[in-house]
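Undergrad: Structure provided below as structure tokens; questions to follow.
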Amino acid sequence: DLLQEMDIAFLPKSVGGAWFTRMYEGGIEVYAAESGSTSFQSGPSAGDAAAQNRCVQDAVAGGVEVIAVCPFSPEQIDADLGKAREDGIIVISNEGSTLVNIDYDIEAFKNADFGAMAADKMAQGMGEEGEIIVFVGSLASTAHVGWAQAIVDRMTEAYPNIAVANEGGVFIETGNNAANSYEKAKEALKAYPNAKACFCPSSTDTPSIALAIQEAGLTNQITYVAVGLPNATRTYIEDGSIDVLMSWDPGEVAQAMCRAAAAVKTGRELKTGDDLGVFGFNSIIVEDKVITGTEWRMITAENVGEYNY
Amino acid sequence: MKTTTKRLLRRIDRKTVQLLLLAVVLFVVMIILKGDKFLRAKNIESMLFQLVEPGLFAMCIGLAYLSKGIDLSVVTIANLVGVVNGIMLRTCLAPDGSNVGMLLALCVVIAVGVGLTCGIINAFFISNIGIFPILVTLGTQNLFMGIAMMLTQGRAEGNFPQPLMDFGNAMVGPIPLLTLLFLLLYALMCVVVHRTPYGRKLQWMGSNSKVTWYTGINNRRITYVTYILSGLLAALAGLVIMARTNSAKADYGSTYVFQALLTCVLAGISPLGGTGKYYNLILSIITIQITSTGFNLLRISPLIRDSIFGILLVLSIFIDYVSQTQRTRRLNRAAIRQLQQAGEKEAVE
Amino acid sequence: MKTNVRRIALKSEVLSLLLIVLLCIAFSIANPAFFHIINILDLLKVCSYPTIFACGVMIVLISGGLDMSFMWIGMFSAYSTSKMLSLLQVGQGIVMPLPVIFAISTCIGALLGSFNALLVSKFRLPVFIATLSSANIFMGVMFQFIGSEYIFPAQMPVRMIEFSKTLLFTTQSADGTPVGLHASVLVAAGVCLVVHFIMRYTLVGRSVYCIGGDEAAAERVGFSRTRTRLFIFMLAGAIAGLAGIVGVSNIQVANPYDFQNRELTVTAAVVIGGTRITGGSGSVIGVVLGVILTNIISQNLVLIGVQPEYSKFVFGILVLFAATVQGLQTKLRNRK
Amino acid sequence: MAEHILELRNISKAFSGNRVLNNVDLIIDPGEIVCLCGENGSGKSTLIKIISGVYTFDAGEVTINGRCYHRLSARQSIAEGIQVIYQDFSVFTNLSVAENIAMNYRVHNKKRFISDRFNRELARSALAQTGVDLPLDAMVEQLSVAEKQIVAISRAICQDVRLIIMDEPTTAITQKEIEKLFEIIRGLKRKGIAVMFVSHKLDEVMAICDRIVIIRNGVMVVDSQAQDFPREKLVFFMTGKEIEEEGFHYAGEETEAKPLLQVEGLSLAGAFTDVSFSVRPGEILAVTGQLGSGRTELAESLFGLRPATSGTIYIDGVETPIRSCRDALDNRIAYLPEDRLSEGLMLRRSLGDNFSSAVIDKLTNRLGLVSEKRVEELSVRWMTDLKMSPKHYTTLASDFSGGNQQRIVLGKWLASEPRIFVLNCPTVGVDVKSKSEIHAIIRDLAAQGLAIVLMSDDVGEIMASSNRVLIMQGGRVVFENDTEKVSESELNDRIIGAYREEAVK
Ligand SMILES: Nc1ncnc2c1ncn2[C@@H]1O[C@H](COP(=O)(O)OP(=O)(O)OP(=O)(O)O)[C@@H](O)[C@H]1O
Ligand SMILES: Nc1ncnc2c1ncn2[C@@H]1O[C@H](COP(=O)(O)OP(=O)(O)OP(=O)(O)O)[C@@H](O)[C@H]1O
Ligand SMILES: [Mg+2]
Ligand SMILES: [Mg+2]
């Protein structure tokens, strides 16, 4: 009953990139094919809250049943999502747990758990002491900042000998842009020569930071834990520039979004422990409007061959 | 009777006709392709809402263009206004909301202050130091955004008081209040540009600053007024963004700058200064809005949608070119014919 | 003697050089690591492809126009080349040699440049407007008909990956990693030399200055407007195509969005390097200095301890500062 | 018979419906000096641009050196040995003197690679021919107008040239330099090079040319050997009517009117020093001197464009500092700049805009908005007052001929109802008819009680339209007298500094 025929608008932060393309093609379209729904995607080519808002407004005005949205800047899209809800449109978000005007928000997992796991992996790799560099794709991204903050919290809590390199400052923003993140990473690696580990939550930026580490000859010195897609980072995982890739299939998350929307449409209330029928969401946690999955994949040189997305 | 129509026709700009035609054609095409959705009250309302922000920015850039300058800093001025106001509201708002009215008034004051200051900074570097506007505003764009970043550490300010939201979403009949205010402001700016001494001088300075200098017109003052007006309009856009999105952030609307540049060019306002009619701006804003919403409704791939500006521009340029060459060719042919006739007559005599 | 000193002091290249020296001193006081050889080499690498882009921008700027399309030309050429070759490589196992890859991208760039030339010389559009619209069109065409997804290291043409790993004059650093001059720096230097030669010592190069100085006068001397424009935009396009492929090789990923919104930064560098924004004057040396100057500023803020959220602010201040110094210098020069 | 260099047959040309040339025939032989005369807008420049391949012609054919062209490009024209010195010189201000001079040669001879040494040698030899010494490495933008002209001439003669065309070469340079130019032209003639030149200065025309060609409204009306041509008929053929210039007589001598404008010890660092004079209402004070004598700077100081560094200005006997244009305008001072195209006229804007630009602040209605009606009235009034060909007030200024454009600039200032009017070379490049009309206007203004300061090079103009004359040299006033008391030749000699008292005795 989680397969309903609906008209779905998928509104990513930006169109075209590997991540959101996977979400749409490997998730929304898959669901649409299974359920007989119609779907389209619409979004800016550059990450910009204003441009995304306009896509929301057009989708609302044109009339759709479901909006599946990955907000670029949650605070700034909320008002427009409110209008969608007033119109009776079902709104499901991803990585937008702070949103108010939604039916459900889908999170692949708990930010704190995810961050803690990343912190553990980093600590393990660096012998539980030294400095770490924490990047974020954009300071505006709740998820990125959430994970980064969770790492810091976990470090202060469990690993007193580990410190964040750019003390006192905020996380280093890499801009969700490969060229920019490459330059930023190079700069950061030089500025903090004592760094022993780093973390990157932006799938766009993960490979180019890996390249910067590799070129600086730090492949073995630095424990690099990152978020990304295995296909995009395969070479770096294999040569050890990326030590641990924390990954989940965006397509599966998108499918979970559609299924949650179907539940709303049929009037079924989702409860903790329900099964959405997608990997990672077989036993969901529901808190208020936030649906959290439970699993992600830890990809290393050993198991990278098993994944293809 | 006939002469008055003729005179009226003479005063209508060619660009106006072209843009009107373009807008009407696009409108009709949309109705044919997707009339049910396009004509929905909801959609029209949404379009009216949407054109306010880019419209305001286009108004800023249009002014700068007329003066043979450019103002790349407008969007960051708007965000700076939003951020400063956001911080002010966050810190000053009483828990019971008793001082909302005063604070909202203060928001306006802050907006005016920020817009004025930013405009003066731009004008100072352009006029007193003599740097090219594009360089100056590129610098101040970074500067203003940097200040907003420093104030917020890149985070969004949000959760503004309800009256502001109500204002942002209010309707006057079928028309959003903000759109109505925007149109009024636009009409006012048209009057300023086309009918006040300042507006005339602005266009003259844009077309030839040396001549205005030799005419005793104070170029420096015109430059100041222009960039201050631009800053103030941008500051208003900042308030609009606050009211519409219930938030403010240092990097909101980075795509607006290019959109505004293109809107002005489509309206025939040349970045090379002096030429173009400010009143055409609204037509260009509407044309772009119809196209952008239309493409969304038609579910045309978002990937190609970004190039609509380019396509519209090249289209309008092409129409311009063809009509121009046709006209010249026709006139030349007529002149030659006249010449030959005159020759024949002489021969007869 | 005195006038000579004055003349040299008023050259914009000298000024950029002076600013660079000042900045270097300031930065190395803030963090001695600034002058580390690795940092210098990295700076050169990071500057390599922007410098190539900047050469193209300079040519168009000298001819009297602001080019807004070069980044998209670069991306279009580099992306379509990488994509095509990646398909060939994955599907057919064909591995193209590096010069061919560069040549393909360069040719695509030149072709796109000729579209600009058409708009400017046939429709007589100001360069700024023409390139603003063509940039939009290139972007749409690329996304729709060529692709918009990333091409990742594993799919990239292997010769490009190899190129990105090529270091010259390598030595070992203290911890055993190879240190050297990146090959892309050599490409950039080559482009600079060629462009310098063309602009300084060939008739067609001088015709660019003529057109930028006075278009009507250039025509009266006998330069063909159409042909010169075609030359300008094809050369600038070709350079952008080359810059794009070098840039993409450097980071081993072809991401079609990467160069977005960088036009103005590069243009600012070119203008700071002394190219007159109204056309007719500019030199490659100045452009190189301008690019290095802006990159020193933007690439080393973290190094000297400026927090990331201050970087925009500092960059803005420095652009205004450099421009102010130049503005005052121009005033002095005009006063004679 | 020797081959003609140039033969035009039935050339016609129209610009967007305006026919500018109508079946023009013209033949030029080697070593001839041909002078092309005509009113402003009669089509002289257009004819020249057709010969040089800049404009295409609509009908007819051009034969150069025996080769017949139905379409001619600039390159072909240069290749045939035709060089043009344009009205605006068309030099590249952003390039060095040497490069400018060598440019034509390079393009024409397809020298694809540039060598500085070659440029300089070529430039040096070309400059040697003109007998002027210029710094080869200087940027042309730093040169004076006359020097720019030398560059243009050197550029033209530095290669195999058979015909040199000069479009109003003498407008920007003073008498001394004109003499030099004529010497160059005669030198060219001796080498068998033909020269065609355009000028509005009739004395010059008669002094140098072998043949005289007159164009009126795009139609060739005279083509005759100079010695056969009755000089007094020249004006008649150009304009179609006789023109009488009457002299100017200041009527106020007896009334002892107080000076309206009085200047004492005025100085501007680097431009002029210790200039004193006074002008009474109704007077026309002519200020003359060679280029660089500080004349233009003085004018600009009076208008507040470049405020003087010391000295005092009295208006109506009251000390009035003029520190900005605003001050000047407040005191009803108007200034007609030297170069109408770049300083006086907004070419791409309408007549109404141009007429109203100095007084726009006053043309408002009760709401403070510009009243379009008043702009139109103003334009129509000045169009009629200045006897311009009537056009709609929205017509672009660029659509008017040179003489009418100058009247637009005059009208712009007259609209501000000035009491003191500073005119800087108001009739440069203006044809005889318009010139006499402008003179009449100026005299008329004086008669209405304006104080007029007239900067001019044109001795004839000074004689005819001023009652006192002041000569500047190196920034100082070296001579002042009533116009009636000096002869034309004395004035001429004094300007170039060749006048010696004892010689007269
Ligand atoms: N040649 C010119 N053409 C057009 N406008 C000019 C010209 N020269 C100056 N202006 C304008 O006139 C105003 C005042 O110019 P001015 O020459 O007094 O500047 P300045 O002397 O450099 O000023 P400051 O001494 O304050 O630096 C400025 O707005 C300037 O842009
Ligand atoms: N490019 C053009 N487009 C339209 N009209 C033009 C153009 N060039 C010249 N004209 C018109 O052609 C006529 C002849 O102009 P031309 O410049 O040949 O006159 P001229 O005899 O050289 O005058 P002057 O003595 O002022 O230099 C004028 O009416 C002018 O307005
Ligand atoms: Mg490692
Ligand atoms: Mg002429």
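Chains: A, B, ... in order of the structure tokens. Residues: from 1 per chain. Ligands: from 1, in order shown.
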Need to verify the contact set: segment 40-43 of chain C, 9 Å, only C-alpha atoms, exclusion of same-chain residues closer than 2 positions in sequence. Can you return it as a PDB file with C-alpha atoms, in the first residue's frame?

TA:
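Result written to part-v4.pdb:
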ATOM      1  CA  LYS A 186      45.372  22.288  -0.225  1.00  0.00           C
ATOM      2  CA  GLU A 187      45.369  25.475   1.739  1.00  0.00           C
TER       3      GLU A 187
ATOM      4  CA  PHE C  34      54.055  31.105   3.446  1.00  0.00           C
ATOM      5  CA  PHE C  35      57.462  31.191   1.868  1.00  0.00           C
ATOM      6  CA  HIS C  36      57.852  27.470   1.984  1.00  0.00           C
ATOM      7  CA  ILE C  37      58.785  26.072  -1.411  1.00  0.00           C
ATOM      8  CA  ILE C  38      55.761  23.775  -1.369  1.00  0.00           C
ATOM      9  CA  LYS C  45      49.764  25.223  -9.822  1.00  0.00           C
ATOM     10  CA  VAL C  46      46.592  26.825  -8.545  1.00  0.00           C
ATOM     11  CA  CYS C  47      47.302  29.863 -10.711  1.00  0.00           C
ATOM     12  CA  SER C  48      47.970  27.838 -13.823  1.00  0.00           C
ATOM     13  CA  VAL C 179      57.926  17.911  -4.769  1.00  0.00           C
ATOM     14  CA  GLY C 180      58.077  19.666  -8.106  1.00  0.00           C
ATOM     15  CA  LEU C 181      56.689  22.074 -10.557  1.00  0.00           C
ATOM     16  CA  HIS C 182      53.358  20.914 -11.883  1.00  0.00           C
ATOM     17  CA  ILE C 292      49.092  35.776  -8.910  1.00  0.00           C
ATOM     18  CA  ASN C 295      45.324  34.170  -5.872  1.00  0.00           C
ATOM     19  CA  ILE C 296      47.816  35.013  -3.158  1.00  0.00           C
ATOM     20  CA  GLN C 299      44.476  31.173  -1.420  1.00  0.00           C
TER      21      GLN C 299
END

Undergrad: Taking the DSSP assignment computed from this structure's backbone, write out as a compact mmCIF listing (two decimals) with N, CA and C atoms, in the first residue's frame all residues of segment 100-174 of chain A that belong to strand (DSSP E or B).

TA:
# COMPACT_ATOMS: atom_id res chain seq x y z
N TYR A 104 6.62 14.90 6.43
CA TYR A 104 7.68 14.10 7.04
C TYR A 104 9.02 14.58 6.54
N ASP A 105 10.01 14.43 7.38
CA ASP A 105 11.38 14.61 6.93
C ASP A 105 12.06 13.26 6.99
N ILE A 106 12.77 12.92 5.94
CA ILE A 106 13.46 11.64 5.91
C ILE A 106 14.95 11.87 6.18
N GLU A 107 15.46 11.18 7.17
CA GLU A 107 16.90 11.22 7.42
C GLU A 107 17.39 9.78 7.31
N GLY A 130 45.93 14.03 18.34
CA GLY A 130 46.31 14.90 17.22
C GLY A 130 45.21 15.86 16.84
N GLU A 131 45.42 16.50 15.69
CA GLU A 131 44.45 17.50 15.24
C GLU A 131 43.63 16.95 14.08
N ILE A 132 42.40 17.43 13.99
CA ILE A 132 41.58 17.05 12.84
C ILE A 132 41.10 18.30 12.10
N ILE A 133 40.86 18.13 10.79
CA ILE A 133 40.27 19.24 10.01
C ILE A 133 38.86 18.81 9.64
N VAL A 134 37.91 19.68 9.89
CA VAL A 134 36.53 19.35 9.54
C VAL A 134 36.04 20.32 8.46
N PHE A 135 35.72 19.75 7.30
CA PHE A 135 35.15 20.56 6.21
C PHE A 135 33.63 20.43 6.25
N VAL A 136 32.96 21.43 5.69
CA VAL A 136 31.54 21.26 5.37
C VAL A 136 31.32 21.80 3.96
N ILE A 162 42.33 14.75 21.17
CA ILE A 162 42.09 15.16 19.79
C ILE A 162 41.48 16.56 19.79
N ALA A 163 42.04 17.41 18.92
CA ALA A 163 41.54 18.79 18.87
C ALA A 163 41.19 19.16 17.43
N VAL A 164 40.29 20.09 17.29
CA VAL A 164 39.97 20.59 15.96
C VAL A 164 41.02 21.64 15.57
N ILE A 172 35.47 24.60 7.90
CA ILE A 172 35.94 25.18 6.65
C ILE A 172 34.97 24.82 5.53
N GLU A 173 34.48 25.85 4.86
CA GLU A 173 33.45 25.66 3.85
C GLU A 173 34.10 25.37 2.50

Undergrad: Residues of chain C near chain B: apply a cut-off of 8 Å, count only C-alpha atoms, and supply the list as a ChimeraX atom specification.

TA: /C:123,126,128-129,132-141,143-144,148,264,268,277,309-320,323-324,326-328,331

Undergrad: Using only N, CA, C and O atoms, please write the residues we just selected to a file, as a compact mmCIF listing (two decimals), in the first residue's frame.

TA:
# COMPACT_ATOMS: atom_id res chain seq x y z
N PHE C 123 25.74 41.03 -35.70
CA PHE C 123 24.62 41.76 -35.11
C PHE C 123 25.07 43.04 -34.42
O PHE C 123 24.27 43.75 -33.84
N PRO C 126 27.26 44.86 -28.37
CA PRO C 126 28.37 45.05 -27.45
C PRO C 126 28.83 43.68 -26.93
O PRO C 126 28.00 42.78 -26.73
N PHE C 128 29.85 42.64 -24.14
CA PHE C 128 29.30 42.24 -22.85
C PHE C 128 27.95 41.54 -23.03
O PHE C 128 27.70 40.47 -22.48
N ILE C 129 27.08 42.15 -23.81
CA ILE C 129 25.75 41.58 -24.01
C ILE C 129 25.83 40.28 -24.78
O ILE C 129 25.20 39.28 -24.43
N LEU C 132 27.24 37.54 -22.62
CA LEU C 132 26.33 37.19 -21.53
C LEU C 132 25.27 36.22 -22.05
O LEU C 132 24.95 35.21 -21.42
N SER C 133 24.74 36.51 -23.23
CA SER C 133 23.70 35.61 -23.75
C SER C 133 24.31 34.31 -24.25
O SER C 133 23.73 33.25 -24.05
N SER C 134 25.47 34.40 -24.89
CA SER C 134 26.02 33.14 -25.41
C SER C 134 26.41 32.22 -24.26
O SER C 134 26.28 31.01 -24.36
N ALA C 135 26.86 32.81 -23.15
CA ALA C 135 27.23 31.98 -22.00
C ALA C 135 26.03 31.15 -21.56
O ALA C 135 26.13 29.94 -21.32
N ASN C 136 24.87 31.80 -21.51
CA ASN C 136 23.66 31.09 -21.13
C ASN C 136 23.33 29.97 -22.11
O ASN C 136 22.89 28.90 -21.73
N ILE C 137 23.54 30.27 -23.36
CA ILE C 137 23.20 29.27 -24.38
C ILE C 137 24.17 28.08 -24.31
O ILE C 137 23.75 26.93 -24.35
N PHE C 138 25.45 28.38 -24.18
CA PHE C 138 26.42 27.28 -24.07
C PHE C 138 26.06 26.37 -22.90
O PHE C 138 26.10 25.15 -23.00
N MET C 139 25.70 27.03 -21.79
CA MET C 139 25.38 26.25 -20.60
C MET C 139 24.19 25.33 -20.86
O MET C 139 24.25 24.12 -20.59
N GLY C 140 23.12 25.88 -21.45
CA GLY C 140 21.93 25.08 -21.70
C GLY C 140 22.23 23.93 -22.65
O GLY C 140 21.83 22.79 -22.42
N VAL C 141 22.96 24.24 -23.72
CA VAL C 141 23.27 23.21 -24.70
C VAL C 141 24.08 22.09 -24.07
O VAL C 141 23.82 20.91 -24.26
N PHE C 143 24.25 21.20 -20.85
CA PHE C 143 23.49 20.40 -19.90
C PHE C 143 22.51 19.50 -20.61
O PHE C 143 22.30 18.36 -20.25
N GLN C 144 21.88 20.02 -21.63
CA GLN C 144 20.83 19.25 -22.26
C GLN C 144 21.39 18.18 -23.20
O GLN C 144 20.92 17.07 -23.23
N SER C 148 25.32 16.47 -17.67
CA SER C 148 25.47 17.36 -16.54
C SER C 148 26.04 16.61 -15.36
O SER C 148 26.29 17.19 -14.32
N LEU C 264 33.94 36.83 -12.90
CA LEU C 264 34.29 38.17 -12.45
C LEU C 264 35.59 38.18 -11.67
O LEU C 264 36.33 39.15 -11.72
N ALA C 268 38.52 40.48 -12.77
CA ALA C 268 39.11 41.44 -11.83
C ALA C 268 40.62 41.31 -11.82
O ALA C 268 41.34 42.31 -11.83
N ILE C 277 40.04 48.61 -18.84
CA ILE C 277 38.72 48.00 -18.97
C ILE C 277 37.98 48.57 -20.17
O ILE C 277 37.06 47.97 -20.70
N GLU C 309 35.06 32.58 7.60
CA GLU C 309 33.94 33.49 7.41
C GLU C 309 34.40 34.93 7.20
O GLU C 309 33.62 35.79 6.83
N TYR C 310 35.70 35.17 7.41
CA TYR C 310 36.22 36.51 7.15
C TYR C 310 36.78 36.64 5.74
O TYR C 310 37.15 37.71 5.31
N SER C 311 36.88 35.50 5.05
CA SER C 311 37.66 35.53 3.81
C SER C 311 37.01 36.44 2.76
O SER C 311 37.69 37.18 2.07
N LYS C 312 35.69 36.40 2.66
CA LYS C 312 35.01 37.26 1.68
C LYS C 312 35.33 38.73 1.97
O LYS C 312 35.62 39.51 1.07
N PHE C 313 35.23 39.04 3.25
CA PHE C 313 35.46 40.41 3.68
C PHE C 313 36.86 40.86 3.29
O PHE C 313 37.05 41.91 2.66
N VAL C 314 37.83 40.03 3.63
CA VAL C 314 39.21 40.40 3.35
C VAL C 314 39.44 40.50 1.84
O VAL C 314 40.08 41.44 1.36
N PHE C 315 38.86 39.55 1.10
CA PHE C 315 39.03 39.60 -0.35
C PHE C 315 38.45 40.90 -0.92
O PHE C 315 39.07 41.57 -1.74
N GLY C 316 37.26 41.25 -0.43
CA GLY C 316 36.63 42.49 -0.89
C GLY C 316 37.51 43.70 -0.61
O GLY C 316 37.75 44.53 -1.47
N ILE C 317 38.02 43.76 0.60
CA ILE C 317 38.88 44.88 0.99
C ILE C 317 40.09 44.95 0.07
O ILE C 317 40.47 46.02 -0.41
N LEU C 318 40.69 43.80 -0.18
CA LEU C 318 41.91 43.82 -0.97
C LEU C 318 41.66 44.20 -2.42
O LEU C 318 42.45 44.92 -3.03
N VAL C 319 40.54 43.74 -2.97
CA VAL C 319 40.20 44.15 -4.33
C VAL C 319 40.04 45.67 -4.38
O VAL C 319 40.59 46.35 -5.25
N LEU C 320 39.32 46.19 -3.42
CA LEU C 320 39.11 47.64 -3.39
C LEU C 320 40.44 48.36 -3.22
O LEU C 320 40.70 49.38 -3.86
N ALA C 323 42.45 48.18 -6.44
CA ALA C 323 41.83 49.04 -7.45
C ALA C 323 42.01 50.52 -7.11
O ALA C 323 42.22 51.34 -8.00
N THR C 324 41.95 50.83 -5.83
CA THR C 324 42.13 52.22 -5.43
C THR C 324 43.53 52.72 -5.78
O THR C 324 43.69 53.78 -6.37
N GLN C 326 45.36 51.65 -8.01
CA GLN C 326 45.45 51.82 -9.45
C GLN C 326 44.71 53.04 -9.95
O GLN C 326 45.17 53.74 -10.85
N GLY C 327 43.55 53.29 -9.32
CA GLY C 327 42.78 54.46 -9.71
C GLY C 327 43.58 55.74 -9.47
O GLY C 327 43.67 56.62 -10.33
N LEU C 328 44.22 55.81 -8.32
CA LEU C 328 45.01 56.99 -7.99
C LEU C 328 46.19 57.13 -8.94
O LEU C 328 46.54 58.22 -9.37
N LYS C 331 45.07 58.57 -12.12
CA LYS C 331 44.87 60.00 -11.97
C LYS C 331 46.19 60.73 -12.10
O LYS C 331 46.30 61.73 -12.81

Undergrad: Using only C-alpha atoms and all ligand atoms, which protein or nucleic acid residues are at most 6 Å from ligand 3, as a list in words?

TA: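 What falls inside 6 Å of ligand 3 is Thr219, Asn220, Gln221, Ile222, Thr223, Tyr224, Gly240, Ser241, Ile242 and Asp243 of chain A.
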
Undergrad: Once you count only C-alpha atoms, which residues of chain A turn out to be within 6 Å of chain B? Could you give them as a ChimeraX atom specification?

TA: /A:42,48-50,61-62,76,79,139-140

Undergrad: May I have the residues from that selection written out with C-alpha atoms, as a PDB file, in the first residue's frame?

TA:
ATOM      1  CA  SER A  42      13.138  21.042 -11.052  1.00  0.00           C
ATOM      2  CA  ASP A  48      20.911  29.155  -4.446  1.00  0.00           C
ATOM      3  CA  ALA A  49      18.058  29.374  -1.986  1.00  0.00           C
ATOM      4  CA  ALA A  50      16.257  32.035  -3.997  1.00  0.00           C
ATOM      5  CA  ALA A  61       1.162  27.089  -8.570  1.00  0.00           C
ATOM      6  CA  GLY A  62       1.207  24.458 -11.285  1.00  0.00           C
ATOM      7  CA  GLN A  76      14.584  30.078   3.755  1.00  0.00           C
ATOM      8  CA  ALA A  79       7.675  29.762   4.219  1.00  0.00           C
ATOM      9  CA  LEU A 139      27.690  26.281   6.366  1.00  0.00           C
ATOM     10  CA  ALA A 140      24.028  26.544   5.523  1.00  0.00           C
TER      11      ALA A 140
END

Undergrad: Residues within 6 Å of ligand 2 should be enumerated using only C-alpha atoms and all ligand atoms and returned as an MDAnalysis selection string.

TA: chainID D and resid 15 20 39:46 399:402

Undergrad: Write out, as CSV, each residue of chain B that has an atom at most 6 Å from chain D, together with the closest pair of atoms and their distance in Å to one decimal, counting only C-alpha atoms, rows going by chain and rising number.

TA:
residue,atom,partner,partner_atom,distance
B:Arg195,CA,D:Val370,CA,5.0
B:Thr196,CA,D:Leu369,CA,4.7
B:Pro197,CA,D:Asp361,CA,5.6
B:Lys210,CA,D:Glu343,CA,5.9
B:Val211,CA,D:Glu343,CA,4.6
B:Thr215,CA,D:Ala358,CA,5.9
B:Gly216,CA,D:Cys325,CA,4.7
B:Thr328,CA,D:Ser16,CA,5.0
B:Leu331,CA,D:Gly17,CA,4.4
B:Asn332,CA,D:Gly17,CA,4.6
B:Ala335,CA,D:Gly17,CA,4.9

Undergrad: If you keep N, CA and C atoms, can you produce a file of those selected residues as a PDB file, in the first residue's frame?

TA:
ATOM      1  N   ARG B 195      11.264  61.698 -15.865  1.00  0.00           N
ATOM      2  CA  ARG B 195      10.661  63.018 -15.775  1.00  0.00           C
ATOM      3  C   ARG B 195      11.314  63.993 -14.812  1.00  0.00           C
ATOM      4  N   THR B 196      12.273  63.558 -14.017  1.00  0.00           N
ATOM      5  CA  THR B 196      12.888  64.547 -13.133  1.00  0.00           C
ATOM      6  C   THR B 196      14.196  65.038 -13.749  1.00  0.00           C
ATOM      7  N   PRO B 197      14.615  66.218 -13.343  1.00  0.00           N
ATOM      8  CA  PRO B 197      15.917  66.706 -13.819  1.00  0.00           C
ATOM      9  C   PRO B 197      17.025  65.701 -13.529  1.00  0.00           C
ATOM     10  N   LYS B 210      31.500  63.610 -20.460  1.00  0.00           N
ATOM     11  CA  LYS B 210      32.325  64.783 -20.713  1.00  0.00           C
ATOM     12  C   LYS B 210      31.437  65.996 -21.032  1.00  0.00           C
ATOM     13  N   VAL B 211      30.439  65.749 -21.854  1.00  0.00           N
ATOM     14  CA  VAL B 211      29.549  66.853 -22.215  1.00  0.00           C
ATOM     15  C   VAL B 211      28.814  67.371 -20.992  1.00  0.00           C
ATOM     16  N   THR B 215      28.828  71.032 -19.327  1.00  0.00           N
ATOM     17  CA  THR B 215      27.576  71.765 -19.241  1.00  0.00           C
ATOM     18  C   THR B 215      27.341  72.217 -17.806  1.00  0.00           C
ATOM     19  N   GLY B 216      28.296  71.914 -16.938  1.00  0.00           N
ATOM     20  CA  GLY B 216      28.145  72.339 -15.561  1.00  0.00           C
ATOM     21  C   GLY B 216      27.278  71.426 -14.728  1.00  0.00           C
ATOM     22  N   THR B 328      16.370  50.123 -43.040  1.00  0.00           N
ATOM     23  CA  THR B 328      17.387  50.851 -43.788  1.00  0.00           C
ATOM     24  C   THR B 328      17.318  50.505 -45.257  1.00  0.00           C
ATOM     25  N   LEU B 331      14.375  52.218 -46.899  1.00  0.00           N
ATOM     26  CA  LEU B 331      14.608  53.651 -47.065  1.00  0.00           C
ATOM     27  C   LEU B 331      15.606  53.925 -48.182  1.00  0.00           C
ATOM     28  N   ASN B 332      16.670  53.131 -48.215  1.00  0.00           N
ATOM     29  CA  ASN B 332      17.679  53.333 -49.247  1.00  0.00           C
ATOM     30  C   ASN B 332      17.109  53.133 -50.634  1.00  0.00           C
ATOM     31  N   ALA B 335      15.145  56.031 -51.601  1.00  0.00           N
ATOM     32  CA  ALA B 335      15.972  57.192 -51.935  1.00  0.00           C
ATOM     33  C   ALA B 335      16.536  57.071 -53.350  1.00  0.00           C
TER      34      ALA B 335
END

Undergrad: Pull out every residue of chain D sitting within 9 Å of chain C, counting only C-alpha atoms, and send them as a count of residues only.

TA: 31

Undergrad: Within 6 Å of ligand 1, counting only C-alpha atoms and all ligand atoms, which protein or nucleic acid residues do you find, written as a PyMOL selection string?

TA: chain B and resi 127-128+209-210+213+219-220

Undergrad: From the options A:Asn303, A:Ser97, A:Ser208, A:Gln52, which residue's atoms come nearest to chain C, counting only C-alpha atoms?

TA: A:Ser208
